[in-house]
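Right, one structure below, let's go through it.
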Amino acid sequence: MAAQCMTKVELTVSCENLLDMDIGSKSDPLCVLLMNSSGSQWFEVARTERVQNCLSPKFAKKFVVDYYFELVQKLMFRIYDIDNKTVDLSDDDFLGELECTLGQIVSSQKLTRPLVLKNKKPAGKGTITISAEEIKDNRVVNFEVEARKLDNKDFFGKSDPYLEFYKQTETAWQLAHRTEVVKNNLNPTWRPFQIPLQSLCGGDMDKPIKVECYDYDNDGSHDLIGIFETNMTRLLQASRASPAEFECVNSKKKQKKKNYKNSGVVSVKVCQVVRRYTFLDYIMGGCQINFTVGVDFTGSNGDPRSPDSLHYISPQGINEYLAAIWAVGMVIQDYDSDKMFPAFGFGAQIPPTWQVSHEFPLNFNPANPFCAGIEGIVEAYRICLPQVKLYGPTNFSPIINHVARFAAQATQQKTASQYFVLLIITDGVITDLDQTRSAIVSASKLPMSIIIVGVGGADFSAMEFLDGDDGRLRAPSGEPATRDIVQFVPFRKFQNAPREALAQCVLAELPQQVVSYFSLLKLQPPRDPNPS
């Protein structure tokens with residue numbers, strides 16, 4: 001399962017001398033990380049926060065990537081000036097990019113290179129610096145922090161304070177975390193936040209930590225309120241009853257004023273170190289992945305006896321439906337101990353009454369819809385196909401709600417013991433879009449993920465919409481999804497690629513979805529994944 005030599009690496013990014021694309025103010029840069037797994041296909045991994053009005057940004061958000069010693073992992077860092085709220089970057093100004101390999105960054109630990117434009121010409125004097133650090137420690141620190149009597153830096157209204165936490169490295173202070181800005185308040189309480197212990201002090205409880213308090217200004221000229229230094233040993237003594245308190249000192253002010261005391265006090269009420277589990281921790285600690293398949297039997301697939309039907313089984317014994325079941329199932333089945341998988345069809349008239357059904361068991365046994373292994377699903381599909389009449393419409397919500405009922409029962413669990421994955425394979429255009437949106441938003445609160453593989457050449461824009469990558473999916477009622485649980489992949493992209501490529505793309509987001517659900521609910525694996 002973890003046979004390859006893999007370690008997690010944290011990448012910290014900063015830039016200098018970026019191009020200024022804004023009239024009357026400075027660029028508002030953001031960094032996007034893309035990866036290339038095969039050939040010319042780049043896919044987005046993550047993006048940093050946007051830093052307003054700044055041509056030499058230090059990004060607080062880190063990129064965490066899996067580093068495989070034996071693979072050439074191509075990375076692309078692209079910097080954009082973000083001037084709108086859309087997630088799409090094609091309407092934002094491009095400030096330059098760097099293409100390199102993860103190996104180059106890891107071997108130099110800190111890589112500084114000039115940024116180039118799409119035509120490979122220099123992007124002005126812009127440079128990018130990327131530092132890499134292996135993550136050996138998966139603990140995080142939970143903070144609750146407030147401050148009082150901070151200096152007022154604004155003529156109109158009060159300061160808008162935020163904090164920056166810095167880790168000491170051999171050569172400099174490295175930004176580890178930036179809190180939210182609390183507007184117009186000299187006695188702010190920040191929302192609880194989390195910093196990986198490694199980012200903060202590298203696991204050394206006595207290593208100095210620097211905290212800077214600023215007054216936020218829209219034009220990027222943030223005013224320093226004050227600074228203090230501390231370490232984890234001191235911070236861990238904090239409690240609600242007796243907070244750890246620190247005087248914010250502004251050295252310029254101190255030099256000028258004789259009776260200067262401080263520029264305010266920062267009070268740490270909660271500082272707890274907790275363990276953050278990885279996907280493998282959950283799996284090795286006994287979490288079961290329950291895999292269900294839903295197959296589209298609507299009329300738009302074409303008559304299965306005709307060679308141009310998507311359900312036509314070729315003389316070699318395959319079609320796109322079978323290829324998708326094999327590719328995804330072969331990876332997922334390793335994580336399910338009993339390897340018994342429920343498999344359903346939808347959109348067909350079924351014997352003996354020829355009623356249309358949107359969730360019928362492929363083995364026609366409602367009391368026991370389970371198939372033994374991926375071979376069992378394939379076998380049930382082949383036997384079922386000639387016995388049903390392809391019909392319609394293409395309704396997803398019944399089968400999503402079906403799996404969600406089991407996932408809802410699993411929420412009674414006190415540990416991270418069960419997670420549900422629904423694979424829907426479809427040729428197309430969905431008819432119950434509103435009901436499906438509602439079903440997905442409800443399911444986003446459950447231990448559940450949905451993978452949709454689109455077969456054939458249909459217009460899949462509705463599917464792209466369900467995949468919440470470009471902004472949060474909302475139910476027709478306006479309620480947003482708690483988390484992104486849908487991954488959509490058009491099969492045609494992988495028609496000539498090796499089977500592994502489809503599985504890799506389809507399952508790319510799953511580990512993160514599993515971890516985000518269980519850590520949201522603070523659920524631990526059923527047993528300790530690595531007892532010492």
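Chain lettering (A, B, ...) mirrors the order of the structure tokens, residue numbering begins at 1 for each chain separately, and ligand numbering begins at 1 in order of display.
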
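The environment of stretch 139-150 of chain A within 7 Å, counting only C-alpha atoms and disregarding residues fewer than 4 places along the same chain, consists of Leu186, Asn187, Pro188, Thr189, Trp190, Arg191, Pro192, Phe193, Gln194, Ile195, Pro196, Leu197, Ser263, Gly264, Val265, Val266, Ser267, Val268, Lys269, Val270, Cys271, Gln272, Val273, Val274, Arg275 and Arg276 of chain A.
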
Output file for the selection above: N, CA, C and O atoms, as a CSV table (one decimal), in the first residue's frame:
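Final output, result-v2.csv:
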```
chain,number,residue,atom,x,y,z
A,186,LEU,N,-9.4,47.4,19.2
A,186,LEU,CA,-8.1,47.4,19.9
A,186,LEU,C,-8.1,46.3,21.0
A,186,LEU,O,-7.0,46.1,21.6
A,187,ASN,N,-9.2,45.6,21.1
A,187,ASN,CA,-9.2,44.4,22.1
A,187,ASN,C,-9.7,43.2,21.3
A,187,ASN,O,-10.8,42.6,21.7
A,188,PRO,N,-9.0,42.7,20.3
A,188,PRO,CA,-9.6,41.7,19.4
A,188,PRO,C,-9.5,40.3,20.0
A,188,PRO,O,-8.7,40.0,20.8
A,189,THR,N,-10.5,39.5,19.5
A,189,THR,CA,-10.4,38.0,19.8
A,189,THR,C,-10.4,37.4,18.4
A,189,THR,O,-11.3,37.6,17.6
A,190,TRP,N,-9.3,36.6,18.1
A,190,TRP,CA,-9.2,36.0,16.8
A,190,TRP,C,-9.9,34.6,16.9
A,190,TRP,O,-10.0,34.0,18.0
A,191,ARG,N,-10.4,34.2,15.7
A,191,ARG,CA,-11.1,32.9,15.7
A,191,ARG,C,-10.0,31.8,16.0
A,191,ARG,O,-8.8,32.0,15.7
A,192,PRO,N,-10.4,30.7,16.6
A,192,PRO,CA,-9.4,29.6,16.9
A,192,PRO,C,-8.7,29.3,15.6
A,192,PRO,O,-9.3,29.2,14.5
A,193,PHE,N,-7.4,29.0,15.7
A,193,PHE,CA,-6.6,28.6,14.5
A,193,PHE,C,-5.6,27.5,14.8
A,193,PHE,O,-5.4,27.2,16.0
A,194,GLN,N,-5.1,26.9,13.8
A,194,GLN,CA,-4.2,25.7,13.9
A,194,GLN,C,-2.9,26.0,13.2
A,194,GLN,O,-3.0,26.5,12.0
A,195,ILE,N,-1.8,25.6,13.8
A,195,ILE,CA,-0.5,25.7,13.0
A,195,ILE,C,0.2,24.4,13.2
A,195,ILE,O,0.3,23.9,14.3
A,196,PRO,N,0.7,23.8,12.1
A,196,PRO,CA,1.5,22.5,12.2
A,196,PRO,C,2.7,22.8,13.1
A,196,PRO,O,3.4,23.8,13.0
A,197,LEU,N,2.9,21.9,14.1
A,197,LEU,CA,4.1,22.1,15.0
A,197,LEU,C,5.4,22.2,14.2
A,197,LEU,O,6.3,23.0,14.6
A,263,SER,N,2.8,48.3,23.6
A,263,SER,CA,1.8,48.7,22.6
A,263,SER,C,0.6,47.8,22.7
A,263,SER,O,-0.1,47.7,21.7
A,264,GLY,N,0.4,47.2,23.8
A,264,GLY,CA,-0.7,46.3,24.0
A,264,GLY,C,-0.2,44.9,24.5
A,264,GLY,O,1.0,44.6,24.6
A,265,VAL,N,-1.2,44.1,24.9
A,265,VAL,CA,-0.8,42.8,25.5
A,265,VAL,C,-1.6,41.7,24.7
A,265,VAL,O,-2.8,41.8,24.4
A,266,VAL,N,-0.8,40.7,24.3
A,266,VAL,CA,-1.4,39.5,23.6
A,266,VAL,C,-1.6,38.4,24.6
A,266,VAL,O,-0.7,38.1,25.3
A,267,SER,N,-2.8,37.8,24.6
A,267,SER,CA,-3.1,36.8,25.6
A,267,SER,C,-3.5,35.5,25.0
A,267,SER,O,-4.4,35.4,24.2
A,268,VAL,N,-2.7,34.5,25.2
A,268,VAL,CA,-2.9,33.1,24.6
A,268,VAL,C,-3.7,32.3,25.7
A,268,VAL,O,-3.2,32.0,26.7
A,269,LYS,N,-5.0,32.0,25.3
A,269,LYS,CA,-5.9,31.3,26.2
A,269,LYS,C,-5.8,29.8,26.1
A,269,LYS,O,-6.0,29.1,27.0
A,270,VAL,N,-5.6,29.4,24.9
A,270,VAL,CA,-5.5,27.9,24.6
A,270,VAL,C,-4.3,27.7,23.7
A,270,VAL,O,-4.1,28.4,22.7
A,271,CYS,N,-3.4,26.7,24.1
A,271,CYS,CA,-2.4,26.3,23.2
A,271,CYS,C,-2.2,24.8,23.5
A,271,CYS,O,-1.7,24.4,24.5
A,272,GLN,N,-2.7,24.0,22.6
A,272,GLN,CA,-2.7,22.5,22.8
A,272,GLN,C,-2.0,21.9,21.6
A,272,GLN,O,-2.3,22.2,20.4
A,273,VAL,N,-1.2,20.9,21.8
A,273,VAL,CA,-0.6,20.1,20.7
A,273,VAL,C,-1.4,18.9,20.6
A,273,VAL,O,-1.6,18.1,21.5
A,274,VAL,N,-1.9,18.7,19.4
A,274,VAL,CA,-2.7,17.4,19.1
A,274,VAL,C,-2.1,16.8,17.9
A,274,VAL,O,-1.5,17.4,17.0
A,275,ARG,N,-2.4,15.5,17.7
A,275,ARG,CA,-1.9,14.7,16.6
A,275,ARG,C,-2.8,14.9,15.4
A,275,ARG,O,-4.0,14.7,15.6
A,276,ARG,N,-2.3,15.1,14.2
A,276,ARG,CA,-3.1,15.1,13.0
A,276,ARG,C,-2.9,13.8,12.3
A,276,ARG,O,-1.7,13.5,11.9
```

Sorted per-residue table, stretch 353-426 of chain A near stretch 434-453 of chain A, closest atoms and distance, 12 Å, only C-alpha atoms, as CSV:
```
residue,atom,partner,partner_atom,distance
A:Thr394,CA,A:Thr436,CA,10.8
A:Asn395,CA,A:Thr436,CA,7.9
A:Phe396,CA,A:Thr436,CA,6.0
A:Ser397,CA,A:Thr436,CA,4.6
A:Pro398,CA,A:Thr436,CA,8.4
A:Ile399,CA,A:Ala439,CA,9.6
A:Ile400,CA,A:Ala439,CA,6.6
A:Asn401,CA,A:Ala439,CA,6.3
A:His402,CA,A:Ala439,CA,10.0
A:Val403,CA,A:Met448,CA,8.3
A:Ala404,CA,A:Ala443,CA,6.0
A:Arg405,CA,A:Ala443,CA,9.1
A:Phe406,CA,A:Met448,CA,9.6
A:Ala407,CA,A:Pro447,CA,5.9
A:Ala408,CA,A:Leu446,CA,6.2
A:Gln409,CA,A:Leu446,CA,9.4
A:Ala410,CA,A:Pro447,CA,7.6
A:Thr411,CA,A:Leu446,CA,7.0
A:Gln412,CA,A:Leu446,CA,10.8
A:Gln413,CA,A:Pro447,CA,10.5
A:Thr415,CA,A:Pro447,CA,11.6
A:Ala416,CA,A:Pro447,CA,9.0
A:Ser417,CA,A:Pro447,CA,9.8
A:Gln418,CA,A:Pro447,CA,7.2
A:Tyr419,CA,A:Pro447,CA,5.0
A:Phe420,CA,A:Met448,CA,4.5
A:Val421,CA,A:Ser449,CA,4.9
A:Leu422,CA,A:Ile450,CA,4.8
A:Leu423,CA,A:Ile451,CA,4.8
A:Ile424,CA,A:Ile452,CA,4.8
A:Ile425,CA,A:Val453,CA,4.9
A:Thr426,CA,A:Val453,CA,6.5
```

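Checking A:Asn184, A:Gln174, A:Asn290, A:Asn250 one by one against A:Lys158, counting only C-alpha atoms, you find the shortest gap at A:Asn184.
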
Name the residues of stretch 449-522 of chain A that fall into strand (DSSP E) according to DSSP on the backbone, using the chain letters and numbers of this document, as a VMD selection string.
chain A and resid 449 to 454 486 to 490

Please identify all polymer residues within 8 Å of A:Tyr214, counting only C-alpha atoms, omitting same-chain residues fewer than 5 positions from it, and present them as an MDAnalysis selection string.
chainID A and resid 160:163 222:226

Could you take the residues named above and write them with all heavy atoms, as an mmCIF file, in the first residue's frame?
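Full text of part_4.cif as output:
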```cif
data_model
loop_
_atom_site.group_PDB
_atom_site.id
_atom_site.type_symbol
_atom_site.label_atom_id
_atom_site.label_comp_id
_atom_site.auth_asym_id
_atom_site.auth_seq_id
_atom_site.Cartn_x
_atom_site.Cartn_y
_atom_site.Cartn_z
ATOM 1 N N ASP A 160 -6.919 47.678 12.799
ATOM 2 C CA ASP A 160 -7.472 46.398 12.306
ATOM 3 C C ASP A 160 -6.389 45.336 12.505
ATOM 4 O O ASP A 160 -5.629 45.029 11.581
ATOM 5 C CB ASP A 160 -7.827 46.508 10.817
ATOM 6 C CG ASP A 160 -8.750 47.691 10.540
ATOM 7 O OD1 ASP A 160 -9.704 47.867 11.305
ATOM 8 O OD2 ASP A 160 -8.507 48.425 9.558
ATOM 9 N N PRO A 161 -6.273 44.758 13.707
ATOM 10 C CA PRO A 161 -5.086 43.955 14.024
ATOM 11 C C PRO A 161 -5.117 42.525 13.469
ATOM 12 O O PRO A 161 -6.170 41.897 13.356
ATOM 13 C CB PRO A 161 -5.070 43.934 15.552
ATOM 14 C CG PRO A 161 -6.467 44.232 15.971
ATOM 15 C CD PRO A 161 -7.133 44.995 14.879
ATOM 16 N N TYR A 162 -3.907 42.055 13.140
ATOM 17 C CA TYR A 162 -3.707 40.632 12.839
ATOM 18 C C TYR A 162 -2.323 40.247 13.351
ATOM 19 O O TYR A 162 -1.485 41.109 13.631
ATOM 20 C CB TYR A 162 -3.856 40.335 11.342
ATOM 21 C CG TYR A 162 -2.786 40.910 10.446
ATOM 22 C CD1 TYR A 162 -1.657 40.163 10.105
ATOM 23 C CD2 TYR A 162 -2.900 42.201 9.906
ATOM 24 C CE1 TYR A 162 -0.676 40.682 9.269
ATOM 25 C CE2 TYR A 162 -1.925 42.720 9.071
ATOM 26 C CZ TYR A 162 -0.809 41.950 8.756
ATOM 27 O OH TYR A 162 0.165 42.467 7.925
ATOM 28 N N LEU A 163 -2.096 38.921 13.497
ATOM 29 C CA LEU A 163 -0.818 38.422 14.015
ATOM 30 C C LEU A 163 -0.095 37.609 12.957
ATOM 31 O O LEU A 163 -0.734 36.936 12.142
ATOM 32 C CB LEU A 163 -1.046 37.517 15.232
ATOM 33 C CG LEU A 163 -1.779 38.113 16.440
ATOM 34 C CD1 LEU A 163 -2.026 37.025 17.483
ATOM 35 C CD2 LEU A 163 -0.982 39.265 17.047
ATOM 36 N N HIS A 222 1.021 47.898 5.873
ATOM 37 C CA HIS A 222 0.571 47.532 7.226
ATOM 38 C C HIS A 222 1.512 48.125 8.287
ATOM 39 O O HIS A 222 2.729 48.090 8.127
ATOM 40 C CB HIS A 222 0.515 46.011 7.361
ATOM 41 C CG HIS A 222 -0.154 45.339 6.195
ATOM 42 N ND1 HIS A 222 -1.438 45.652 5.796
ATOM 43 C CD2 HIS A 222 0.295 44.418 5.309
ATOM 44 C CE1 HIS A 222 -1.749 44.925 4.728
ATOM 45 N NE2 HIS A 222 -0.711 44.184 4.407
ATOM 46 N N ASP A 223 0.938 48.671 9.357
ATOM 47 C CA ASP A 223 1.749 49.300 10.407
ATOM 48 C C ASP A 223 2.053 48.289 11.501
ATOM 49 O O ASP A 223 1.140 47.629 12.007
ATOM 50 C CB ASP A 223 0.983 50.481 11.040
ATOM 51 C CG ASP A 223 0.639 51.535 9.999
ATOM 52 O OD1 ASP A 223 1.557 51.966 9.278
ATOM 53 O OD2 ASP A 223 -0.548 51.921 9.907
ATOM 54 N N LEU A 224 3.320 48.245 11.902
ATOM 55 C CA LEU A 224 3.699 47.357 12.998
ATOM 56 C C LEU A 224 3.187 47.931 14.314
ATOM 57 O O LEU A 224 3.438 49.096 14.641
ATOM 58 C CB LEU A 224 5.228 47.223 13.054
ATOM 59 C CG LEU A 224 5.737 46.331 14.188
ATOM 60 C CD1 LEU A 224 5.357 44.873 13.941
ATOM 61 C CD2 LEU A 224 7.247 46.474 14.343
ATOM 62 N N ILE A 225 2.438 47.110 15.072
ATOM 63 C CA ILE A 225 1.999 47.533 16.416
ATOM 64 C C ILE A 225 3.071 47.138 17.423
ATOM 65 O O ILE A 225 3.548 47.948 18.198
ATOM 66 C CB ILE A 225 0.629 46.919 16.767
ATOM 67 C CG1 ILE A 225 -0.460 47.505 15.844
ATOM 68 C CG2 ILE A 225 0.278 47.180 18.239
ATOM 69 C CD1 ILE A 225 -1.847 46.893 16.011
ATOM 70 N N GLY A 226 3.477 45.869 17.403
ATOM 71 C CA GLY A 226 4.514 45.434 18.337
ATOM 72 C C GLY A 226 4.912 43.990 18.100
ATOM 73 O O GLY A 226 4.272 43.277 17.324
#
```

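Close contacts of A:Ile374, defined as residues with an atom at most 7 Å away when counting only C-alpha atoms, with chain neighbours fewer than 3 positions off set aside, comprise Trp326, Gly329, Met330, Ile377 and Val378 of chain A.
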
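Excluding A:Val65 itself and any same-chain residue fewer than 2 positions from it, the protein and nucleic acid residues within 8 Å of it, counting only C-alpha atoms, are A:Lys8, A:Val9, A:Glu10, A:Leu11, A:Phe63, A:Tyr67.
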
Residues of the last selection are to be written out with N, CA and C atoms, as a short mmCIF file (atom, residue, chain, number, x, y, z; two decimals), in the first residue's frame.
```
data_model
loop_
_atom_site.label_atom_id
_atom_site.label_comp_id
_atom_site.auth_asym_id
_atom_site.auth_seq_id
_atom_site.Cartn_x
_atom_site.Cartn_y
_atom_site.Cartn_z
N LYS A 8 6.33 13.19 3.03
CA LYS A 8 5.61 14.44 2.77
C LYS A 8 6.55 15.62 2.93
N VAL A 9 6.41 16.57 2.01
CA VAL A 9 7.29 17.73 2.02
C VAL A 9 6.43 18.98 2.07
N GLU A 10 6.86 19.94 2.90
CA GLU A 10 6.14 21.21 3.00
C GLU A 10 6.93 22.27 2.24
N LEU A 11 6.25 22.96 1.32
CA LEU A 11 6.91 23.99 0.51
C LEU A 11 6.42 25.37 0.94
N PHE A 63 2.36 24.64 0.77
CA PHE A 63 1.95 23.52 -0.07
C PHE A 63 2.53 22.25 0.55
N TYR A 67 6.37 13.36 -1.76
CA TYR A 67 7.62 13.29 -2.51
C TYR A 67 7.99 11.82 -2.71
#
```

Step one, run DSSP on the backbone; step two, keep only residues of stretch 118-205 of chain A assigned to helix (DSSP H, G or I); then write them as JSON, numbers by chain.
{"A": [197, 198, 199, 200, 201]}

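Atom to atom, atom CA of A:Ile128 and atom CA of A:Ser221 stand 21.4 Å apart.
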
List the spatial neighbours of stretch 13-27 of chain A as a PyMOL selection string - criterion: any atom at most 9 Å away, only C-alpha atoms, same-chain residues fewer than 3 positions off excluded.
chain A and resi 31+48+51-63+79-83+93-96+112+115+123-131+219-220

Output N, CA and C atoms for every residue in the selection just made, as an mmCIF file, in the first residue's frame.
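Now in out.cif:
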```
data_model
loop_
_atom_site.group_PDB
_atom_site.id
_atom_site.type_symbol
_atom_site.label_atom_id
_atom_site.label_comp_id
_atom_site.auth_asym_id
_atom_site.auth_seq_id
_atom_site.Cartn_x
_atom_site.Cartn_y
_atom_site.Cartn_z
ATOM 1 N N CYS A 31 -0.290 32.457 -5.432
ATOM 2 C CA CYS A 31 0.523 31.435 -6.110
ATOM 3 C C CYS A 31 -0.287 30.164 -6.258
ATOM 4 N N THR A 48 -2.221 29.370 -2.773
ATOM 5 C CA THR A 48 -2.019 30.093 -1.514
ATOM 6 C C THR A 48 -3.146 31.103 -1.335
ATOM 7 N N VAL A 51 -2.340 37.953 -1.398
ATOM 8 C CA VAL A 51 -1.758 39.011 -0.562
ATOM 9 C C VAL A 51 -2.043 40.342 -1.240
ATOM 10 N N GLN A 52 -2.740 41.221 -0.542
ATOM 11 C CA GLN A 52 -3.170 42.470 -1.184
ATOM 12 C C GLN A 52 -2.049 43.485 -1.286
ATOM 13 N N ASN A 53 -2.014 44.181 -2.438
ATOM 14 C CA ASN A 53 -1.114 45.328 -2.637
ATOM 15 C C ASN A 53 0.316 45.035 -2.206
ATOM 16 N N CYS A 54 0.939 44.052 -2.838
ATOM 17 C CA CYS A 54 2.274 43.659 -2.399
ATOM 18 C C CYS A 54 3.052 43.066 -3.560
ATOM 19 N N LEU A 55 4.227 43.603 -3.840
ATOM 20 C CA LEU A 55 5.034 43.089 -4.957
ATOM 21 C C LEU A 55 6.123 42.129 -4.482
ATOM 22 N N SER A 56 6.264 41.987 -3.154
ATOM 23 C CA SER A 56 7.236 41.020 -2.609
ATOM 24 C C SER A 56 6.545 40.197 -1.516
ATOM 25 N N PRO A 57 5.561 39.369 -1.918
ATOM 26 C CA PRO A 57 4.736 38.677 -0.912
ATOM 27 C C PRO A 57 5.456 37.498 -0.259
ATOM 28 N N LYS A 58 5.137 37.293 1.029
ATOM 29 C CA LYS A 58 5.482 36.044 1.702
ATOM 30 C C LYS A 58 4.147 35.332 1.912
ATOM 31 N N PHE A 59 3.980 34.153 1.310
ATOM 32 C CA PHE A 59 2.697 33.453 1.433
ATOM 33 C C PHE A 59 2.689 32.619 2.712
ATOM 34 N N ALA A 60 1.616 32.771 3.489
ATOM 35 C CA ALA A 60 1.517 32.032 4.754
ATOM 36 C C ALA A 60 1.102 30.589 4.518
ATOM 37 N N LYS A 61 0.250 30.373 3.501
ATOM 38 C CA LYS A 61 -0.243 29.014 3.262
ATOM 39 C C LYS A 61 0.846 28.176 2.602
ATOM 40 N N LYS A 62 1.113 27.020 3.173
ATOM 41 C CA LYS A 62 2.154 26.142 2.652
ATOM 42 C C LYS A 62 1.541 25.137 1.682
ATOM 43 N N PHE A 63 2.364 24.643 0.771
ATOM 44 C CA PHE A 63 1.950 23.516 -0.073
ATOM 45 C C PHE A 63 2.529 22.247 0.546
ATOM 46 N N ILE A 79 2.189 32.636 -10.688
ATOM 47 C CA ILE A 79 1.774 33.766 -9.863
ATOM 48 C C ILE A 79 0.768 34.602 -10.653
ATOM 49 N N TYR A 80 -0.366 34.907 -10.034
ATOM 50 C CA TYR A 80 -1.409 35.717 -10.675
ATOM 51 C C TYR A 80 -1.729 36.928 -9.805
ATOM 52 N N ASP A 81 -2.128 38.000 -10.471
ATOM 53 C CA ASP A 81 -2.657 39.178 -9.776
ATOM 54 C C ASP A 81 -4.177 39.019 -9.758
ATOM 55 N N ILE A 82 -4.749 38.838 -8.577
ATOM 56 C CA ILE A 82 -6.174 38.511 -8.450
ATOM 57 C C ILE A 82 -6.977 39.780 -8.177
ATOM 58 N N ASP A 83 -7.872 40.100 -9.096
ATOM 59 C CA ASP A 83 -8.660 41.331 -8.932
ATOM 60 C C ASP A 83 -10.158 41.087 -8.867
ATOM 61 N N ASP A 93 -4.558 38.728 -14.183
ATOM 62 C CA ASP A 93 -3.259 39.022 -14.820
ATOM 63 C C ASP A 93 -2.211 38.001 -14.379
ATOM 64 N N PHE A 94 -1.475 37.502 -15.369
ATOM 65 C CA PHE A 94 -0.427 36.512 -15.126
ATOM 66 C C PHE A 94 0.878 37.248 -14.833
ATOM 67 N N LEU A 95 1.531 36.916 -13.701
ATOM 68 C CA LEU A 95 2.734 37.661 -13.292
ATOM 69 C C LEU A 95 4.023 36.869 -13.500
ATOM 70 N N GLY A 96 3.892 35.609 -13.938
ATOM 71 C CA GLY A 96 5.107 34.835 -14.182
ATOM 72 C C GLY A 96 4.999 33.450 -13.583
ATOM 73 N N THR A 112 15.927 29.737 -5.403
ATOM 74 C CA THR A 112 15.478 31.055 -5.878
ATOM 75 C C THR A 112 15.743 31.119 -7.375
ATOM 76 N N LEU A 115 11.297 34.495 -12.405
ATOM 77 C CA LEU A 115 10.007 34.116 -12.992
ATOM 78 C C LEU A 115 10.041 34.429 -14.481
ATOM 79 N N ALA A 123 9.976 37.801 -16.463
ATOM 80 C CA ALA A 123 8.821 38.560 -15.974
ATOM 81 C C ALA A 123 9.361 39.746 -15.178
ATOM 82 N N GLY A 124 9.933 40.720 -15.876
ATOM 83 C CA GLY A 124 10.572 41.849 -15.205
ATOM 84 C C GLY A 124 11.733 41.345 -14.355
ATOM 85 N N LYS A 125 11.842 41.888 -13.123
ATOM 86 C CA LYS A 125 12.917 41.435 -12.225
ATOM 87 C C LYS A 125 12.381 40.425 -11.210
ATOM 88 N N GLY A 126 11.174 39.911 -11.500
ATOM 89 C CA GLY A 126 10.498 39.046 -10.524
ATOM 90 C C GLY A 126 11.250 37.750 -10.256
ATOM 91 N N THR A 127 11.341 37.391 -8.962
ATOM 92 C CA THR A 127 11.930 36.096 -8.594
ATOM 93 C C THR A 127 10.977 35.366 -7.652
ATOM 94 N N ILE A 128 11.181 34.050 -7.568
ATOM 95 C CA ILE A 128 10.395 33.225 -6.643
ATOM 96 C C ILE A 128 11.374 32.406 -5.812
ATOM 97 N N THR A 129 11.076 32.271 -4.535
ATOM 98 C CA THR A 129 11.906 31.456 -3.638
ATOM 99 C C THR A 129 11.028 30.376 -3.015
ATOM 100 N N ILE A 130 11.484 29.134 -3.117
ATOM 101 C CA ILE A 130 10.723 28.011 -2.553
ATOM 102 C C ILE A 130 11.627 27.258 -1.594
ATOM 103 N N SER A 131 11.193 27.101 -0.348
ATOM 104 C CA SER A 131 11.970 26.291 0.597
ATOM 105 C C SER A 131 11.201 25.017 0.874
ATOM 106 N N ASP A 219 -3.910 49.324 1.436
ATOM 107 C CA ASP A 219 -2.916 49.616 0.399
ATOM 108 C C ASP A 219 -1.627 48.817 0.593
ATOM 109 N N GLY A 220 -1.623 47.893 1.557
ATOM 110 C CA GLY A 220 -0.452 47.031 1.742
ATOM 111 C C GLY A 220 0.606 47.603 2.673
#
```
